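Q: I have a structure I would like to understand better, so I am pasting it below and will then ask my questions one at a time.
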Amino acid sequence: MDDHQSQPSFWTKLPRPFVGLAPMDGITDAPFRQITARYGRPDLMMTEFVSVEALCRGIPNALLDLTFDEIERPIVAQIYGAEPEDFFHAAQIVGALKFDGLDINMGCPAKGVAGRGCGAALINDPGRAVAILRAARQGLDVWAEGEALSDVAASILPLSVGFTPRRSLPLSVKTRIGYDHVQIRKWMNILLSERPAAITLHGRTLKQGYGGAACWETIAEAAEIARGTGTLIVGNGDVASHEDALNRVRETGVDGVLIGRAALGRPWIFNPAFCTDTQQTLQIALEHARLFEVLRGMRRFAGMRKHLGWYCRGFSGASALRAQMVRATHAREVECLLAPLQWAEVMTSSQALVQQGHPEALAEEYRLSHIMTDVQKIGLSGTLFVEG
Ligand SMILES: Cc1cc2nc3c(=O)[nH]c(=O)nc-3n(C[C@H](O)[C@H](O)[C@H](O)COP(=O)(O)O)c2cc1C
């Protein structure tokens with residue numbers, strides 16, 4: 001339980017060690033998180049980071065990025081910005097939207113973010129970092145203690161929020177091990193003085209961007225510094241599998257791990273018991289595409305294409321299929337692209353049934369031949385291979 005809470009936060013109830021989905025802008029949106037929840041069941045998830053400035057101005061996309069489904073719990077909203085006052089309002093909004101926790105991004109190295117004093121730039125501006133954490137905490141307290149919401153927060157939220165039961169949300173930080181050099185002790189002591197529920201450390205400096213290897217020795221040092229403080233340390237960087245995550249925990253003493261890039265096209269990575277073959281992978285790709293269309297709309301389908309590309313890896317014919325999948329404009333097109341694969345597999349079994357005189361097999365072949373005609377009609381047929 002942290003100082004600020006009367007109830008234990010979800011962080012303290014997580015299994016140990018825990019393995020969660022790292023936030024990735026433009027990737028860990030609601031459709032991806034829901035597919036990940038269905039097949040990977042990670043111990044926690046974070047949204048993509050959302051600008052507090054955009055949120056406070058009521059920009060619809062910022063609010064859209066903060067929609068989630070119950071299946072995603074525990075779900076943490078991640079926000080970024082530079083002005084402490086924006087965090088005060090944004091924290092109230094996040095509380096009212098019923099998230100399980102609030103995370104502040106102090107790790108993004110992108111020019112458009114760090115260049116404006118946000119994200120990893122805060123490592124070099126500790127006074128502002130502390131002011132941000134305090135403002136966010138105050139905003140969460142306003143929400144939890146039933147006080148009147150600030151005018152900014154109230155103007156953004158629907159009236160129905162007035163009936164939402166209020167509860168305290170834990171505050172956490174996701175950051176890096178330094179700005180242009182490793183400065184873990186100094187930075188950790190600053191953050192720990194604000195008693196966050198958890199600190200996620202990506203084992204690279206801002207200057208490193210994504211180059212080189214994440215330094216897990218420094219993450220181990222941070223875990224040692226935090227021991228006994230009540231703040232959990234979550235390691236992050238270059239983790240390739242669930243087994244890899246557990247090894248990192250054993251080697252460094254962190255409480256849990258977040259996996260980012262290794263989950264692309266492999267949302268089941270968090271579930272070691274889940275085995276998939278090409279057919280099932282492509283079925284999940286189609287399910288993801290349909291979900292994307294429902295939650296984000298056909299107009300935004302371009303945002304799904306990169307995921308489709310990531311699903312098409314590591315099997316015979318993957319690159320030919322990928323070349324077509326990354327041009328798909330809606331879920332039905334994905335379905336048609338995949339139909340020849342399903343057709344090839346199901347035909348084998350249905351032909352056997354036809355030979356045995358089963359009338360339902362004839363009906364199935366008729367249905368499949370229509371799907372094939374659809375594929376040819378929209379000019380999408382190509383050389384596709386079924387594995388094996
Ligand atoms: C495309 C992309 C977008 C990212 N967006 C965010 C973000 O919104 N918030 C954040 O804290 N980290 C973000 N990250 C960093 C990841 O959460 C993670 O720290 C980093 O990718 C290292 O972990 P990995 O090696 O498991 O991918 C992003 C990374 C990538 C590749």
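Labeling convention for the structure tokens: chains A, B, ... as they appear, residues from 1 per chain, ligands from 1 in order of appearance.
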Please report as JSON lines every residue of chain A lying within 6 Å of ligand 1, along with the nearest atom pair and their distance in Å (one decimal), using only C-alpha atoms and all ligand atoms.

A:
```
{"residue": "A:Ala22", "atom": "CA", "partner": "ligand 1", "partner_atom_place_in_ligand_line": "17 (O)", "distance": 4.4}
{"residue": "A:Pro23", "atom": "CA", "partner": "ligand 1", "partner_atom_place_in_ligand_line": "17 (O)", "distance": 4.4}
{"residue": "A:Met24", "atom": "CA", "partner": "ligand 1", "partner_atom_place_in_ligand_line": "5 (N)", "distance": 3.2}
{"residue": "A:Asp25", "atom": "CA", "partner": "ligand 1", "partner_atom_place_in_ligand_line": "5 (N)", "distance": 3.7}
{"residue": "A:Glu48", "atom": "CA", "partner": "ligand 1", "partner_atom_place_in_ligand_line": "8 (O)", "distance": 4.3}
{"residue": "A:Phe49", "atom": "CA", "partner": "ligand 1", "partner_atom_place_in_ligand_line": "8 (O)", "distance": 4.0}
{"residue": "A:Asn105", "atom": "CA", "partner": "ligand 1", "partner_atom_place_in_ligand_line": "11 (O)", "distance": 5.2}
{"residue": "A:Gly107", "atom": "CA", "partner": "ligand 1", "partner_atom_place_in_ligand_line": "11 (O)", "distance": 6.0}
{"residue": "A:Cys108", "atom": "CA", "partner": "ligand 1", "partner_atom_place_in_ligand_line": "12 (N)", "distance": 6.0}
{"residue": "A:Lys174", "atom": "CA", "partner": "ligand 1", "partner_atom_place_in_ligand_line": "11 (O)", "distance": 5.6}
{"residue": "A:His202", "atom": "CA", "partner": "ligand 1", "partner_atom_place_in_ligand_line": "19 (O)", "distance": 5.1}
{"residue": "A:Asn236", "atom": "CA", "partner": "ligand 1", "partner_atom_place_in_ligand_line": "23 (O)", "distance": 5.3}
{"residue": "A:Gly237", "atom": "CA", "partner": "ligand 1", "partner_atom_place_in_ligand_line": "25 (O)", "distance": 3.7}
{"residue": "A:Asp238", "atom": "CA", "partner": "ligand 1", "partner_atom_place_in_ligand_line": "25 (O)", "distance": 3.5}
{"residue": "A:Val239", "atom": "CA", "partner": "ligand 1", "partner_atom_place_in_ligand_line": "26 (O)", "distance": 5.2}
{"residue": "A:Ile259", "atom": "CA", "partner": "ligand 1", "partner_atom_place_in_ligand_line": "26 (O)", "distance": 4.0}
{"residue": "A:Gly260", "atom": "CA", "partner": "ligand 1", "partner_atom_place_in_ligand_line": "26 (O)", "distance": 3.5}
{"residue": "A:Arg261", "atom": "CA", "partner": "ligand 1", "partner_atom_place_in_ligand_line": "27 (O)", "distance": 3.7}
```

Q: Using N, CA and C atoms, can you export the residues from the last selection as a PDB file, in the first residue's frame?

A:
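The result, written out as selection_39.pdb:
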```
ATOM      1  N   ALA A  22       4.046  -3.161 -22.528  1.00  0.00           N
ATOM      2  CA  ALA A  22       4.586  -1.797 -22.472  1.00  0.00           C
ATOM      3  C   ALA A  22       3.756  -0.876 -23.366  1.00  0.00           C
ATOM      4  N   PRO A  23       3.656   0.399 -22.992  1.00  0.00           N
ATOM      5  CA  PRO A  23       2.915   1.332 -23.853  1.00  0.00           C
ATOM      6  C   PRO A  23       3.697   1.622 -25.124  1.00  0.00           C
ATOM      7  N   MET A  24       3.001   1.647 -26.262  1.00  0.00           N
ATOM      8  CA  MET A  24       3.669   1.996 -27.532  1.00  0.00           C
ATOM      9  C   MET A  24       2.717   2.869 -28.340  1.00  0.00           C
ATOM     10  N   ASP A  25       3.148   4.094 -28.559  1.00  0.00           N
ATOM     11  CA  ASP A  25       2.326   5.067 -29.279  1.00  0.00           C
ATOM     12  C   ASP A  25       2.028   4.570 -30.695  1.00  0.00           C
ATOM     13  N   GLU A  48      -1.375   3.848 -24.915  1.00  0.00           N
ATOM     14  CA  GLU A  48      -0.364   4.691 -25.557  1.00  0.00           C
ATOM     15  C   GLU A  48      -0.304   5.972 -24.740  1.00  0.00           C
ATOM     16  N   PHE A  49       0.795   6.723 -24.794  1.00  0.00           N
ATOM     17  CA  PHE A  49       0.798   7.967 -24.030  1.00  0.00           C
ATOM     18  C   PHE A  49      -0.133   8.998 -24.693  1.00  0.00           C
ATOM     19  N   ASN A 105       4.707   9.598 -18.321  1.00  0.00           N
ATOM     20  CA  ASN A 105       5.831   9.290 -19.205  1.00  0.00           C
ATOM     21  C   ASN A 105       6.959  10.284 -18.969  1.00  0.00           C
ATOM     22  N   GLY A 107      10.068   9.193 -20.281  1.00  0.00           N
ATOM     23  CA  GLY A 107      11.068   8.380 -20.974  1.00  0.00           C
ATOM     24  C   GLY A 107      11.106   8.547 -22.481  1.00  0.00           C
ATOM     25  N   CYS A 108      10.123   9.272 -23.045  1.00  0.00           N
ATOM     26  CA  CYS A 108      10.100   9.339 -24.515  1.00  0.00           C
ATOM     27  C   CYS A 108      11.226  10.251 -25.025  1.00  0.00           C
ATOM     28  N   LYS A 174       7.120   6.001 -15.874  1.00  0.00           N
ATOM     29  CA  LYS A 174       7.936   5.174 -16.779  1.00  0.00           C
ATOM     30  C   LYS A 174       9.032   6.079 -17.328  1.00  0.00           C
ATOM     31  N   HIS A 202      13.227   1.762 -18.585  1.00  0.00           N
ATOM     32  CA  HIS A 202      13.746   1.254 -19.854  1.00  0.00           C
ATOM     33  C   HIS A 202      15.262   1.451 -19.757  1.00  0.00           C
ATOM     34  N   ASN A 236      12.497  -3.027 -18.195  1.00  0.00           N
ATOM     35  CA  ASN A 236      12.004  -2.984 -19.581  1.00  0.00           C
ATOM     36  C   ASN A 236      13.173  -2.764 -20.534  1.00  0.00           C
ATOM     37  N   GLY A 237      13.083  -3.459 -21.683  1.00  0.00           N
ATOM     38  CA  GLY A 237      14.064  -3.250 -22.746  1.00  0.00           C
ATOM     39  C   GLY A 237      14.613  -4.533 -23.315  1.00  0.00           C
ATOM     40  N   ASP A 238      14.275  -4.802 -24.590  1.00  0.00           N
ATOM     41  CA  ASP A 238      14.835  -5.918 -25.358  1.00  0.00           C
ATOM     42  C   ASP A 238      14.406  -7.297 -24.852  1.00  0.00           C
ATOM     43  N   VAL A 239      13.325  -7.391 -24.109  1.00  0.00           N
ATOM     44  CA  VAL A 239      12.872  -8.709 -23.643  1.00  0.00           C
ATOM     45  C   VAL A 239      12.164  -9.404 -24.806  1.00  0.00           C
ATOM     46  N   ILE A 259       6.934  -5.876 -21.641  1.00  0.00           N
ATOM     47  CA  ILE A 259       7.406  -6.269 -22.973  1.00  0.00           C
ATOM     48  C   ILE A 259       6.755  -5.358 -24.002  1.00  0.00           C
ATOM     49  N   GLY A 260       7.554  -4.808 -24.896  1.00  0.00           N
ATOM     50  CA  GLY A 260       7.019  -3.939 -25.943  1.00  0.00           C
ATOM     51  C   GLY A 260       7.113  -4.573 -27.313  1.00  0.00           C
ATOM     52  N   ARG A 261       8.220  -4.304 -28.000  1.00  0.00           N
ATOM     53  CA  ARG A 261       8.319  -4.673 -29.419  1.00  0.00           C
ATOM     54  C   ARG A 261       8.166  -6.164 -29.696  1.00  0.00           C
TER      55      ARG A 261
END
```

Q: Quick one: residues within 7 Å of segment 214-220 of chain A, only C-alpha atoms, excluding same-chain residues fewer than 4 positions away - as a PyMOL selection string?

A: chain A and resi 201+203-204+224+235+237-238+252-254

Q: Got time to write the residues from that selection, C-alpha atoms, as a PDB file, in the first residue's frame?

A:
```pdb
ATOM      1  CA  LEU A 201      12.829   1.664 -16.214  1.00  0.00           C
ATOM      2  CA  GLY A 203      17.453   0.380 -19.675  1.00  0.00           C
ATOM      3  CA  ARG A 204      18.660   3.057 -22.092  1.00  0.00           C
ATOM      4  CA  GLU A 224      18.543  -2.400  -5.142  1.00  0.00           C
ATOM      5  CA  GLY A 235      12.366  -3.613 -15.870  1.00  0.00           C
ATOM      6  CA  GLY A 237      14.064  -3.250 -22.746  1.00  0.00           C
ATOM      7  CA  ASP A 238      14.835  -5.918 -25.358  1.00  0.00           C
ATOM      8  CA  THR A 252      18.053  -8.332 -11.410  1.00  0.00           C
ATOM      9  CA  GLY A 253      15.518  -8.548  -8.573  1.00  0.00           C
ATOM     10  CA  VAL A 254      12.917  -6.389 -10.336  1.00  0.00           C
TER      11      VAL A 254
END
```

Q: Contacts of Thr329 of chain A at 7 Å or less, counting only C-alpha atoms, minus same-chain residues fewer than 3 places along, as a compact mmCIF listing (two decimals) with C-alpha atoms, in the first residue's frame?

A:
```
# COMPACT_ATOMS: atom_id res chain seq x y z
CA PHE A 301 -7.99 1.25 -41.15
CA ALA A 302 -4.53 2.38 -42.33
CA GLU A 333 -10.36 -7.49 -47.73
```

Q: Kindly indicate which residue among A:Leu21, A:Ala240, A:Ala331, A:Ala339 lies nearest to Met298 of chain A, using only C-alpha atoms for the distances.

A: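 Closest to Met298 of chain A of all the choices is A:Ala331.
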
Q: List as a list in words the protein and nucleic acid residues near segment 192-194 of chain A, meaning an atom at most 9 Å away when only C-alpha atoms are counted, but skip any in the same chain fewer than 5 places from it.

A: Val130, Leu133, Arg134, Trp187, Ile199, Ala226, Thr229 and Thr231 of chain A

Q: Could you write out that same residue set with C-alpha atoms as a PDB file, in the first residue's frame?

A:
```
ATOM      1  CA  VAL A 130       8.618  16.587  -9.107  1.00  0.00           C
ATOM      2  CA  LEU A 133       4.162  14.212  -9.954  1.00  0.00           C
ATOM      3  CA  ARG A 134       2.728  16.396  -7.179  1.00  0.00           C
ATOM      4  CA  TRP A 187      17.361  10.118 -10.711  1.00  0.00           C
ATOM      5  CA  ILE A 199       8.781   2.989 -11.570  1.00  0.00           C
ATOM      6  CA  ALA A 226      14.341   0.984  -4.293  1.00  0.00           C
ATOM      7  CA  THR A 229      10.812   1.840  -0.137  1.00  0.00           C
ATOM      8  CA  THR A 231       7.937   1.452  -4.769  1.00  0.00           C
TER       9      THR A 231
END
```

Q: Could you pull the residues within 6 Å of Phe270 of chain A, counting only C-alpha atoms, minus those fewer than 2 positions along the same chain, as a list in words?

A: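 Using only C-alpha atoms, the neighbours found are Gly40, Pro42, His242 and Trp268 of chain A.
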
Q: Give me a file of those residues, with N, CA and C atoms, as a compact mmCIF listing (two decimals), in the first residue's frame.

A:
```txt
# COMPACT_ATOMS: atom_id res chain seq x y z
N GLY A 40 -3.06 -13.27 -24.84
CA GLY A 40 -1.84 -13.24 -24.04
C GLY A 40 -2.10 -13.09 -22.55
N PRO A 42 -1.77 -10.56 -20.41
CA PRO A 42 -0.68 -9.99 -19.62
C PRO A 42 -1.18 -9.56 -18.23
N HIS A 242 8.45 -14.55 -22.82
CA HIS A 242 8.03 -14.65 -21.42
C HIS A 242 9.15 -15.26 -20.58
N TRP A 268 0.13 -13.00 -28.05
CA TRP A 268 0.02 -14.12 -27.11
C TRP A 268 1.32 -14.32 -26.31
```

Q: Rank A:Arg176, A:Arg137, A:His89, A:Lys98 by their smallest atom-to-atom distance to Thr164 of chain A, using only C-alpha atoms, and report the top residue only.

A: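 So, comparing all the options, the nearest one is A:Lys98.
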
Q: What lies within 12 Å of Asp141 of chain A using only C-alpha atoms, ignoring chain neighbours under 6 positions off, as a list of chain:residue names?

A: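 The residues that qualify are A:His4, A:Gln5, A:Ser6, A:Phe88, A:His89, A:Ala91, A:Gln92, A:Ile93, A:Val94, A:Gly95, A:Ala96, A:Arg134, A:Ala135, A:Glu147, A:Ala148, A:Leu149, A:Ser150, A:Arg166, A:Arg167, A:Ser168, A:Leu169, A:Pro170, A:Leu171.
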
Q: Could you dump the residues just selected with N, CA and C atoms as a PDB file, in the first residue's frame?

A:
```pdb
ATOM      1  N   HIS A   4      -0.396   7.249  -0.159  1.00  0.00           N
ATOM      2  CA  HIS A   4      -1.534   8.045  -0.575  1.00  0.00           C
ATOM      3  C   HIS A   4      -2.819   7.247  -0.644  1.00  0.00           C
ATOM      4  N   GLN A   5      -2.745   5.962  -0.287  1.00  0.00           N
ATOM      5  CA  GLN A   5      -3.941   5.157  -0.535  1.00  0.00           C
ATOM      6  C   GLN A   5      -4.516   4.561   0.731  1.00  0.00           C
ATOM      7  N   SER A   6      -5.856   4.541   0.772  1.00  0.00           N
ATOM      8  CA  SER A   6      -6.475   3.840   1.874  1.00  0.00           C
ATOM      9  C   SER A   6      -6.724   2.389   1.470  1.00  0.00           C
ATOM     10  N   PHE A  88      -2.692  18.163 -13.310  1.00  0.00           N
ATOM     11  CA  PHE A  88      -3.710  18.244 -12.254  1.00  0.00           C
ATOM     12  C   PHE A  88      -5.095  17.951 -12.847  1.00  0.00           C
ATOM     13  N   HIS A  89      -5.399  18.587 -13.981  1.00  0.00           N
ATOM     14  CA  HIS A  89      -6.712  18.374 -14.624  1.00  0.00           C
ATOM     15  C   HIS A  89      -6.790  16.963 -15.240  1.00  0.00           C
ATOM     16  N   ALA A  91      -5.279  14.233 -14.468  1.00  0.00           N
ATOM     17  CA  ALA A  91      -5.387  13.150 -13.478  1.00  0.00           C
ATOM     18  C   ALA A  91      -6.844  12.971 -13.052  1.00  0.00           C
ATOM     19  N   GLN A  92      -7.576  14.054 -12.935  1.00  0.00           N
ATOM     20  CA  GLN A  92      -9.002  13.953 -12.556  1.00  0.00           C
ATOM     21  C   GLN A  92      -9.783  13.245 -13.668  1.00  0.00           C
ATOM     22  N   ILE A  93      -9.444  13.578 -14.907  1.00  0.00           N
ATOM     23  CA  ILE A  93     -10.128  12.947 -16.053  1.00  0.00           C
ATOM     24  C   ILE A  93      -9.854  11.437 -16.047  1.00  0.00           C
ATOM     25  N   VAL A  94      -8.588  11.072 -15.829  1.00  0.00           N
ATOM     26  CA  VAL A  94      -8.219   9.644 -15.816  1.00  0.00           C
ATOM     27  C   VAL A  94      -8.944   8.918 -14.680  1.00  0.00           C
ATOM     28  N   GLY A  95      -9.051   9.561 -13.525  1.00  0.00           N
ATOM     29  CA  GLY A  95      -9.792   8.963 -12.406  1.00  0.00           C
ATOM     30  C   GLY A  95     -11.243   8.724 -12.793  1.00  0.00           C
ATOM     31  N   ALA A  96     -11.849   9.731 -13.409  1.00  0.00           N
ATOM     32  CA  ALA A  96     -13.267   9.635 -13.772  1.00  0.00           C
ATOM     33  C   ALA A  96     -13.511   8.586 -14.861  1.00  0.00           C
ATOM     34  N   ARG A 134       3.580  15.857  -8.257  1.00  0.00           N
ATOM     35  CA  ARG A 134       2.728  16.396  -7.179  1.00  0.00           C
ATOM     36  C   ARG A 134       1.386  16.879  -7.725  1.00  0.00           C
ATOM     37  N   ALA A 135       1.422  17.516  -8.890  1.00  0.00           N
ATOM     38  CA  ALA A 135       0.167  18.011  -9.476  1.00  0.00           C
ATOM     39  C   ALA A 135      -0.740  16.842  -9.850  1.00  0.00           C
ATOM     40  N   GLU A 147     -14.169  15.631  -4.106  1.00  0.00           N
ATOM     41  CA  GLU A 147     -14.251  17.095  -4.243  1.00  0.00           C
ATOM     42  C   GLU A 147     -14.809  17.464  -5.619  1.00  0.00           C
ATOM     43  N   ALA A 148     -15.226  18.736  -5.751  1.00  0.00           N
ATOM     44  CA  ALA A 148     -15.703  19.214  -7.059  1.00  0.00           C
ATOM     45  C   ALA A 148     -14.536  19.190  -8.040  1.00  0.00           C
ATOM     46  N   LEU A 149     -14.789  18.705  -9.252  1.00  0.00           N
ATOM     47  CA  LEU A 149     -13.720  18.634 -10.244  1.00  0.00           C
ATOM     48  C   LEU A 149     -13.356  20.040 -10.719  1.00  0.00           C
ATOM     49  N   SER A 150     -12.117  20.194 -11.175  1.00  0.00           N
ATOM     50  CA  SER A 150     -11.697  21.493 -11.721  1.00  0.00           C
ATOM     51  C   SER A 150     -12.571  21.818 -12.935  1.00  0.00           C
ATOM     52  N   ARG A 166     -16.159   6.942  -6.743  1.00  0.00           N
ATOM     53  CA  ARG A 166     -14.784   7.439  -6.777  1.00  0.00           C
ATOM     54  C   ARG A 166     -13.850   6.527  -5.990  1.00  0.00           C
ATOM     55  N   ARG A 167     -12.655   6.346  -6.505  1.00  0.00           N
ATOM     56  CA  ARG A 167     -11.662   5.560  -5.761  1.00  0.00           C
ATOM     57  C   ARG A 167     -10.268   6.096  -6.056  1.00  0.00           C
ATOM     58  N   SER A 168      -9.357   5.771  -5.192  1.00  0.00           N
ATOM     59  CA  SER A 168      -7.991   6.261  -5.307  1.00  0.00           C
ATOM     60  C   SER A 168      -7.226   5.473  -6.369  1.00  0.00           C
ATOM     61  N   LEU A 169      -6.452   6.180  -7.170  1.00  0.00           N
ATOM     62  CA  LEU A 169      -5.646   5.510  -8.213  1.00  0.00           C
ATOM     63  C   LEU A 169      -4.163   5.644  -7.873  1.00  0.00           C
ATOM     64  N   PRO A 170      -3.394   4.559  -8.056  1.00  0.00           N
ATOM     65  CA  PRO A 170      -1.953   4.664  -7.816  1.00  0.00           C
ATOM     66  C   PRO A 170      -1.265   5.428  -8.949  1.00  0.00           C
ATOM     67  N   LEU A 171      -0.224   6.155  -8.569  1.00  0.00           N
ATOM     68  CA  LEU A 171       0.547   6.946  -9.534  1.00  0.00           C
ATOM     69  C   LEU A 171       1.881   6.252  -9.778  1.00  0.00           C
TER      70      LEU A 171
END
```

Q: Between A:Lys13, A:Arg185, A:Arg116, A:Arg248, which one has atoms that come closest to Ser51 of chain A, using only C-alpha atoms?

A: A:Arg116

Q: What does the distance from atom CA of Cys56 of chain A to atom CA of Val152 of chain A come to in Å, to one decimal?

A: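 Interatomic distance, atom CA of Cys56 of chain A to atom CA of Val152 of chain A: 6.4 Å.
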
Q: Have a look at atom CA of Gln183 of chain A and atom CA of Met45 of chain A and let me know their distance in Å, one decimal.

A: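 Atom-to-atom, atom CA of Gln183 of chain A and atom CA of Met45 of chain A are spaced 27.4 Å apart.
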
Q: Hey, which of A:Gly20, A:Pro272, A:Gly58, A:Pro126 ends up closest to Val76 of chain A? Count only C-alpha atoms.

A: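 Looking only at the distances to Val76 of chain A, the closest residue turns out to be A:Gly20.
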
Q: Enumerate as a list in words all residues of segment 235-345 of chain A assigned to strand (DSSP E) by DSSP on the backbone, naming them with the chain letters and numbers the document uses.

A: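 Those residues are Gly235, Asn236, Gly256, Val257, Leu258 and Ile259 of chain A.
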
Q: Please identify all polymer residues within 9 Å of Arg322 of chain A, counting only C-alpha atoms, omitting same-chain residues fewer than 6 positions from it, and present them as a PDB file with N, CA and C atoms, in the first residue's frame.

A:
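Saved file out-v5.pdb follows:
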```pdb
ATOM      1  N   LEU A 308      -0.938  -6.030 -39.491  1.00  0.00           N
ATOM      2  CA  LEU A 308      -1.123  -7.134 -40.457  1.00  0.00           C
ATOM      3  C   LEU A 308       0.238  -7.598 -40.975  1.00  0.00           C
ATOM      4  N   GLY A 309       1.124  -6.628 -41.221  1.00  0.00           N
ATOM      5  CA  GLY A 309       2.473  -6.971 -41.669  1.00  0.00           C
ATOM      6  C   GLY A 309       3.222  -7.791 -40.619  1.00  0.00           C
ATOM      7  N   TRP A 310       3.064  -7.394 -39.342  1.00  0.00           N
ATOM      8  CA  TRP A 310       3.789  -8.102 -38.276  1.00  0.00           C
ATOM      9  C   TRP A 310       3.282  -9.533 -38.092  1.00  0.00           C
ATOM     10  N   TYR A 311       2.003  -9.772 -38.392  1.00  0.00           N
ATOM     11  CA  TYR A 311       1.486 -11.137 -38.266  1.00  0.00           C
ATOM     12  C   TYR A 311       2.057 -12.046 -39.359  1.00  0.00           C
ATOM     13  N   CYS A 312       2.463 -11.440 -40.481  1.00  0.00           N
ATOM     14  CA  CYS A 312       2.927 -12.244 -41.620  1.00  0.00           C
ATOM     15  C   CYS A 312       4.445 -12.402 -41.572  1.00  0.00           C
ATOM     16  N   ARG A 313       4.919 -13.181 -40.652  1.00  0.00           N
ATOM     17  CA  ARG A 313       6.350 -13.417 -40.514  1.00  0.00           C
ATOM     18  C   ARG A 313       6.573 -14.877 -40.169  1.00  0.00           C
TER      19      ARG A 313
END
```

Q: Just the number, please: distance in Å from atom CA of Gly26 of chain A to atom CA of Arg41 of chain A, one decimal.

A: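 Rounded to one decimal, the two atoms are 20.5 Å apart.
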
Q: Determine which residues of segment 192-278 of chain A receive a DSSP assignment of alpha helix (DSSP H), computed from the backbone, and state them as a VMD selection string.

A: chain A and resid 192 216 to 226 242 to 252 278

Q: May I have the selected residues written with C-alpha atoms, as a PDB file, in the first residue's frame?

A:
```
ATOM      1  CA  LEU A 192      11.489   7.785  -4.920  1.00  0.00           C
ATOM      2  CA  TRP A 216      19.936  -4.544 -17.194  1.00  0.00           C
ATOM      3  CA  GLU A 217      22.864  -4.106 -14.760  1.00  0.00           C
ATOM      4  CA  THR A 218      21.653  -0.528 -14.217  1.00  0.00           C
ATOM      5  CA  ILE A 219      18.073  -1.757 -13.831  1.00  0.00           C
ATOM      6  CA  ALA A 220      19.351  -4.203 -11.148  1.00  0.00           C
ATOM      7  CA  GLU A 221      21.048  -1.265  -9.390  1.00  0.00           C
ATOM      8  CA  ALA A 222      17.745   0.635  -9.415  1.00  0.00           C
ATOM      9  CA  ALA A 223      15.944  -2.379  -7.922  1.00  0.00           C
ATOM     10  CA  GLU A 224      18.543  -2.400  -5.142  1.00  0.00           C
ATOM     11  CA  ILE A 225      18.137   1.353  -4.501  1.00  0.00           C
ATOM     12  CA  ALA A 226      14.341   0.984  -4.293  1.00  0.00           C
ATOM     13  CA  HIS A 242       8.028 -14.655 -21.420  1.00  0.00           C
ATOM     14  CA  GLU A 243      10.899 -16.932 -20.421  1.00  0.00           C
ATOM     15  CA  ASP A 244      13.374 -14.117 -21.078  1.00  0.00           C
ATOM     16  CA  ALA A 245      11.281 -11.860 -18.803  1.00  0.00           C
ATOM     17  CA  LEU A 246      11.418 -14.401 -15.952  1.00  0.00           C
ATOM     18  CA  ASN A 247      15.197 -14.738 -16.393  1.00  0.00           C
ATOM     19  CA  ARG A 248      15.574 -10.949 -16.167  1.00  0.00           C
ATOM     20  CA  VAL A 249      13.574 -10.939 -12.928  1.00  0.00           C
ATOM     21  CA  ARG A 250      15.814 -13.656 -11.457  1.00  0.00           C
ATOM     22  CA  GLU A 251      18.996 -11.862 -12.512  1.00  0.00           C
ATOM     23  CA  THR A 252      18.053  -8.332 -11.410  1.00  0.00           C
ATOM     24  CA  THR A 278       0.264 -20.207 -39.101  1.00  0.00           C
TER      25      THR A 278
END
```
